There are 2 protein chains.
Amino acid sequence: MTRTIVASATREIIIGFDQPFCVIGERINPTGRKKLAAEMVEGNFETVKKDALEQAAAGATMLDVNAGVTAVDPNATEPDLLVKTLEIVQGLVDLPLSIDSSVTRAIEAALKVAKGRPLVNSVTGEEEKLEAILPLIKKYDVPVVAISNDETGISMDPDVRFAVAKKIVERCADYGIKPQDVVVDPLVMPIGALGDAGRQVFALLRRLREELKVNTTCGLSNISFGLPHRHGINGAFIPMVIGAGMTSAIMNPCRPQEMEAVRGANVLAGTDKDCMNWIKTYKDYKPGATVAPAPVATVAPGDGAAAASAGGRRRGGREARRAAG
Amino acid sequence: MTRTIVASATREIIIGFDQPFCVIGERINPTGRKKLAAEMVEGNFETVKKDALEQAAAGATMLDVNAGVTAVDPNATEPDLLVKTLEIVQGLVDLPLSIDSSVTRAIEAALKVAKGRPLVNSVTGEEEKLEAILPLIKKYDVPVVAISNDETGISMDPDVRFAVAKKIVERCADYGIKPQDVVVDPLVMPIGALGDAGRQVFALLRRLREELKVNTTCGLSNISFGLPHRHGINGAFIPMVIGAGMTSAIMNPCRPQEMEAVRGANVLAGTDKDCMNWIKTYKDYKPGATVAPAPVATVAPGDGAAAASAGGRRRGGREARRAAG
């Protein structure tokens, strides 16, 4: 059974086929958010803190942390900014984190200060990337997101994307990194531009699960890019990818329709034991009302608590990791 | 390719793996609706008419017609009442109909007056049922819903339910009825009572599609029985069953959340060409608003029009049927 262990200082989460879907909150990311980027450059982390608490309260299982403010020289500035952002977030919420950067030095700097067992986001099939990132993954004994593109870009042919994923998993093995520590992103195309995008992903997810036996993730909202009522498309896509075997996604947990789809699909996939999380969340549901997130607390458990409990363990940190590895 | 042809006097619909999901409107059914039952007994069909028009406007592909008012002697009264109800509905909307009765004489009476090519709902694996219904299916050259239970009741073991479905398909073959004219209902259990109900159905749907090559249907809302916010569970279940290969369901098309899930899953399964139905339906969508059905007309096209157009044909009746059969 494929089990990817991630952990904060105090909480361990398992990503796996028999686990509730892992929602990786995408909000802490200045890409395309000019105001947030400007704040972070100025050393103002109020929006970062707000995003961390809100996503935890909304039920995120993990939080992605990205500090790519598109500076003139990211290599010089991003490591410090990512470390600062990561330290603020891990001081505020007890969810496992995903270290998201295209700058290798920033990833290493963040790995040095991260508590528990973060996920590294990401490596690709590009030689330069593999050689830069995989030694860090091995050294820090952490899982990594593997994106199915290489030097030639993103292939429109799903067989090529599968081959790239396979190559990354094999290269990981060369470094002593197990498949259970590789979370493959098969790459989701906009369905409005590529009518076959859904079927491609469903078929890829099955192959990744059955042939490579890896956990999977994606940037979920890509699928609905350019279409009206995107939440409706996302809300249908989530149960379909969960049914096809996807085990996590990088998405916005503050969207009630998407989170309802996650919770419903967990019930139907049999990972919400006795429907307890569903019943707890919706027992007082009124038609037309959105589900209010739980009051924001310094350490907000969200749905992640249920996920952790379902895993039967709450020990975090490297100790637990080694035992489980 | 499995193609089940159903038709009204003027419109033909294909149920198939490459077709938009077939929504069989469930509303015209007095079971559990005391007021409707009382009206129908009195010869008042106003609610029937309203339900027919509303379901057509909401986007139903077909309408189920049931007149089981639990009379003292259904054999004596149900044939006339079903015929009357069917004639009213087919005079009002141009959608293909499903003749729904547990009374064989009522089914035959309805088959005699039905225009186009109705679906018969249903036969089971019970010997008595098979012997009563299959000759009618053959005689009138219509498709039939095959429910996966037999004399021993509904098995909790999905392998037994598959075996019952297989037996019905084989018995149909003995009568000269092709698998494409058998629409199997694998039976959906409430997930709140049976945590494995979702996974059972997904696995059954794949086997029915790959091994028996039949179209499939179910009473969709069974899945959420007893849980809070049932529309949320139904709305997650629909994309999952479509992803697993289900091609139709008996459901309430007047529920915006469920119909949104159908339309979204059609986009993602690649059966809503160029996302045209999605864009048409949601181009002016406002968050928090429900999608208003199109104005009620005597002949309301609904989503079925898109389905029919996608099939590339609109000829109805036995002529078209024979050509396509």
# chains A, B, ... in the order shown; residues from 1 in each chain; ligands from 1
$ interface_residues --of "chain B" --to "chain A" --cutoff "9 Å" --atoms "only C-alpha atoms" --output "PyMOL selection string"
chain B and resi 191-199+202+223+227-229+232-244+260-265+267-275+278-279+282-290
$ write_last_selection --atoms "C-alpha atoms" --output "PDB file, in the first residue's frame"
ATOM      1  CA  ILE B 191     -23.830   4.665   1.728  1.00  0.00           C
ATOM      2  CA  GLY B 192     -24.881   5.688   5.243  1.00  0.00           C
ATOM      3  CA  ALA B 193     -25.837   2.082   5.989  1.00  0.00           C
ATOM      4  CA  LEU B 194     -23.207   0.310   3.885  1.00  0.00           C
ATOM      5  CA  GLY B 195     -19.869   2.136   3.757  1.00  0.00           C
ATOM      6  CA  ASP B 196     -18.779   0.034   0.815  1.00  0.00           C
ATOM      7  CA  ALA B 197     -21.820   0.911  -1.320  1.00  0.00           C
ATOM      8  CA  GLY B 198     -19.941   3.402  -3.519  1.00  0.00           C
ATOM      9  CA  ARG B 199     -16.966   1.193  -4.276  1.00  0.00           C
ATOM     10  CA  PHE B 202     -18.074   1.631  -9.248  1.00  0.00           C
ATOM     11  CA  ILE B 223     -27.094   6.402  -2.296  1.00  0.00           C
ATOM     12  CA  LEU B 227     -27.691  11.390   5.361  1.00  0.00           C
ATOM     13  CA  PRO B 228     -27.869  15.161   5.825  1.00  0.00           C
ATOM     14  CA  HIS B 229     -27.534  17.380   2.723  1.00  0.00           C
ATOM     15  CA  GLY B 232     -24.300  17.126  -1.897  1.00  0.00           C
ATOM     16  CA  ILE B 233     -23.802  13.349  -1.792  1.00  0.00           C
ATOM     17  CA  ASN B 234     -25.842  12.890  -4.971  1.00  0.00           C
ATOM     18  CA  GLY B 235     -23.849  15.672  -6.633  1.00  0.00           C
ATOM     19  CA  ALA B 236     -20.556  13.888  -5.896  1.00  0.00           C
ATOM     20  CA  PHE B 237     -21.968  10.447  -6.764  1.00  0.00           C
ATOM     21  CA  ILE B 238     -23.073  11.455 -10.270  1.00  0.00           C
ATOM     22  CA  PRO B 239     -19.596  12.357 -11.607  1.00  0.00           C
ATOM     23  CA  MET B 240     -18.178   9.227  -9.958  1.00  0.00           C
ATOM     24  CA  VAL B 241     -20.697   6.859 -11.578  1.00  0.00           C
ATOM     25  CA  ILE B 242     -20.312   8.609 -14.929  1.00  0.00           C
ATOM     26  CA  GLY B 243     -16.547   8.223 -14.599  1.00  0.00           C
ATOM     27  CA  ALA B 244     -17.057   4.549 -13.790  1.00  0.00           C
ATOM     28  CA  GLU B 260     -25.025  20.674 -12.629  1.00  0.00           C
ATOM     29  CA  ALA B 261     -23.096  17.532 -11.682  1.00  0.00           C
ATOM     30  CA  VAL B 262     -24.468  15.744 -14.769  1.00  0.00           C
ATOM     31  CA  ARG B 263     -23.565  18.638 -17.072  1.00  0.00           C
ATOM     32  CA  GLY B 264     -20.105  19.022 -15.536  1.00  0.00           C
ATOM     33  CA  ALA B 265     -19.399  15.304 -15.797  1.00  0.00           C
ATOM     34  CA  VAL B 267     -17.981  18.055 -20.146  1.00  0.00           C
ATOM     35  CA  LEU B 268     -15.243  16.065 -18.399  1.00  0.00           C
ATOM     36  CA  ALA B 269     -16.209  12.745 -19.979  1.00  0.00           C
ATOM     37  CA  GLY B 270     -15.987  14.426 -23.385  1.00  0.00           C
ATOM     38  CA  THR B 271     -19.658  13.954 -24.294  1.00  0.00           C
ATOM     39  CA  ASP B 272     -20.573  17.661 -24.240  1.00  0.00           C
ATOM     40  CA  LYS B 273     -18.895  18.598 -27.499  1.00  0.00           C
ATOM     41  CA  ASP B 274     -16.914  21.835 -27.242  1.00  0.00           C
ATOM     42  CA  CYS B 275     -18.601  22.323 -23.815  1.00  0.00           C
ATOM     43  CA  TRP B 278     -22.269  23.815 -20.337  1.00  0.00           C
ATOM     44  CA  ILE B 279     -21.561  27.244 -21.827  1.00  0.00           C
ATOM     45  CA  TYR B 282     -24.000  28.648 -17.311  1.00  0.00           C
ATOM     46  CA  LYS B 283     -22.710  31.547 -19.408  1.00  0.00           C
ATOM     47  CA  ASP B 284     -24.619  34.026 -17.249  1.00  0.00           C
ATOM     48  CA  TYR B 285     -24.269  32.069 -14.007  1.00  0.00           C
ATOM     49  CA  LYS B 286     -24.139  34.197 -10.873  1.00  0.00           C
ATOM     50  CA  PRO B 287     -22.641  32.708  -7.699  1.00  0.00           C
ATOM     51  CA  GLY B 288     -25.343  31.667  -5.282  1.00  0.00           C
ATOM     52  CA  ALA B 289     -28.037  31.678  -7.955  1.00  0.00           C
ATOM     53  CA  THR B 290     -29.687  28.486  -9.100  1.00  0.00           C
TER      54      THR B 290
END
$ select_by_dssp --residues "stretch 12-78 of chain B" --states "strand (DSSP E or B)" --output "list in words"
Glu12, Ile13, Ile14, Ile15, Gly16, Cys22, Val23, Ile24, Gly25, Met62, Leu63, Asp64, Val65 and Asn66 of chain B
$ write_last_selection --atoms "C-alpha atoms" --output "mmCIF file, in the first residue's frame"
data_model
loop_
_atom_site.group_PDB
_atom_site.id
_atom_site.type_symbol
_atom_site.label_atom_id
_atom_site.label_comp_id
_atom_site.auth_asym_id
_atom_site.auth_seq_id
_atom_site.Cartn_x
_atom_site.Cartn_y
_atom_site.Cartn_z
ATOM 1 C CA GLU B 12 -34.688 9.683 -30.865
ATOM 2 C CA ILE B 13 -32.116 9.468 -28.091
ATOM 3 C CA ILE B 14 -29.133 7.150 -27.866
ATOM 4 C CA ILE B 15 -27.992 5.824 -24.515
ATOM 5 C CA GLY B 16 -24.331 4.922 -24.835
ATOM 6 C CA CYS B 22 -29.224 10.042 -19.975
ATOM 7 C CA VAL B 23 -31.308 11.659 -17.220
ATOM 8 C CA ILE B 24 -34.560 9.713 -16.739
ATOM 9 C CA GLY B 25 -36.907 12.042 -14.847
ATOM 10 C CA MET B 62 -36.380 10.902 -20.875
ATOM 11 C CA LEU B 63 -39.320 10.685 -18.467
ATOM 12 C CA ASP B 64 -40.248 7.700 -16.329
ATOM 13 C CA VAL B 65 -44.023 7.152 -16.097
ATOM 14 C CA ASN B 66 -45.377 5.159 -13.157
#
$ residues_around --residues "B:Val41" --least-positions-apart "4" --cutoff "9 Å" --atoms "only C-alpha atoms" --output "PDB file with all heavy atoms, in the first residue's frame"
ATOM      1  N   LEU B  36     -50.480  13.023  -4.987  1.00  0.00           N
ATOM      2  CA  LEU B  36     -50.464  12.691  -6.421  1.00  0.00           C
ATOM      3  C   LEU B  36     -51.274  11.418  -6.680  1.00  0.00           C
ATOM      4  O   LEU B  36     -52.066  11.356  -7.633  1.00  0.00           O
ATOM      5  CB  LEU B  36     -49.018  12.516  -6.917  1.00  0.00           C
ATOM      6  CG  LEU B  36     -48.855  12.032  -8.362  1.00  0.00           C
ATOM      7  CD1 LEU B  36     -49.497  13.016  -9.345  1.00  0.00           C
ATOM      8  CD2 LEU B  36     -47.384  11.825  -8.714  1.00  0.00           C
ATOM      9  N   ALA B  37     -51.112  10.420  -5.823  1.00  0.00           N
ATOM     10  CA  ALA B  37     -51.859   9.168  -5.987  1.00  0.00           C
ATOM     11  C   ALA B  37     -53.363   9.445  -5.951  1.00  0.00           C
ATOM     12  O   ALA B  37     -54.126   8.965  -6.806  1.00  0.00           O
ATOM     13  CB  ALA B  37     -51.457   8.172  -4.897  1.00  0.00           C
ATOM     14  N   VAL B  69     -50.639   3.331  -8.003  1.00  0.00           N
ATOM     15  CA  VAL B  69     -51.297   4.065  -6.926  1.00  0.00           C
ATOM     16  C   VAL B  69     -51.702   3.147  -5.772  1.00  0.00           C
ATOM     17  O   VAL B  69     -52.513   3.510  -4.926  1.00  0.00           O
ATOM     18  CB  VAL B  69     -52.536   4.835  -7.443  1.00  0.00           C
ATOM     19  CG1 VAL B  69     -52.109   5.944  -8.389  1.00  0.00           C
ATOM     20  CG2 VAL B  69     -53.506   3.880  -8.136  1.00  0.00           C
ATOM     21  N   ALA B  71     -53.581   0.395  -5.542  1.00  0.00           N
ATOM     22  CA  ALA B  71     -55.007   0.078  -5.455  1.00  0.00           C
ATOM     23  C   ALA B  71     -55.169  -1.298  -4.794  1.00  0.00           C
ATOM     24  O   ALA B  71     -54.197  -2.029  -4.605  1.00  0.00           O
ATOM     25  CB  ALA B  71     -55.619   0.052  -6.851  1.00  0.00           C
ATOM     26  N   LEU B  81     -54.924   3.088 -15.897  1.00  0.00           N
ATOM     27  CA  LEU B  81     -54.365   4.320 -15.352  1.00  0.00           C
ATOM     28  C   LEU B  81     -52.996   4.623 -15.972  1.00  0.00           C
ATOM     29  O   LEU B  81     -52.676   5.782 -16.274  1.00  0.00           O
ATOM     30  CB  LEU B  81     -54.253   4.221 -13.818  1.00  0.00           C
ATOM     31  CG  LEU B  81     -53.962   5.530 -13.084  1.00  0.00           C
ATOM     32  CD1 LEU B  81     -55.004   6.604 -13.410  1.00  0.00           C
ATOM     33  CD2 LEU B  81     -53.903   5.303 -11.576  1.00  0.00           C
TER      34      LEU B  81
END
$ closest_residue --among "B:Val6, B:Ile28, B:Val164, B:Ala203" --to "B:Glu46" --atoms "only C-alpha atoms"
B:Ile28
$ atom_distance --atom1 "atom CA of B:Ala38" --atom2 "atom CA of B:Gly68"
11.2 Å
$ closest_atom_pairs --of "stretch 26-128 of chain B" --to "stretch 248-252 of chain B" --cutoff "8 Å" --atoms "only C-alpha atoms" --output "JSON lines"
{"residue": "B:Glu26", "atom": "CA", "partner": "B:Met251", "partner_atom": "CA", "distance": 5.2}
{"residue": "B:Arg27", "atom": "CA", "partner": "B:Asn252", "partner_atom": "CA", "distance": 6.4}
{"residue": "B:Gln55", "atom": "CA", "partner": "B:Asn252", "partner_atom": "CA", "distance": 7.8}
{"residue": "B:Asp64", "atom": "CA", "partner": "B:Ile250", "partner_atom": "CA", "distance": 7.6}
$ closest_residue --among "B:Lys112, B:Arg117, B:Ile99, B:Ser221" --to "B:Ala7" --atoms "only C-alpha atoms"
B:Arg117
$ select_by_dssp --residues "stretch 24-243 of chain A" --states "helix (DSSP H, G or I)" --output "count of residues only"
119
$ residues_around --residues "A:Ile88" --least-positions-apart "2" --cutoff "12 Å" --atoms "only C-alpha atoms" --output "number ranges by chain"
A: 28, 40, 43-53, 65, 81-86, 90-94, 97, 110, 113-115, 298
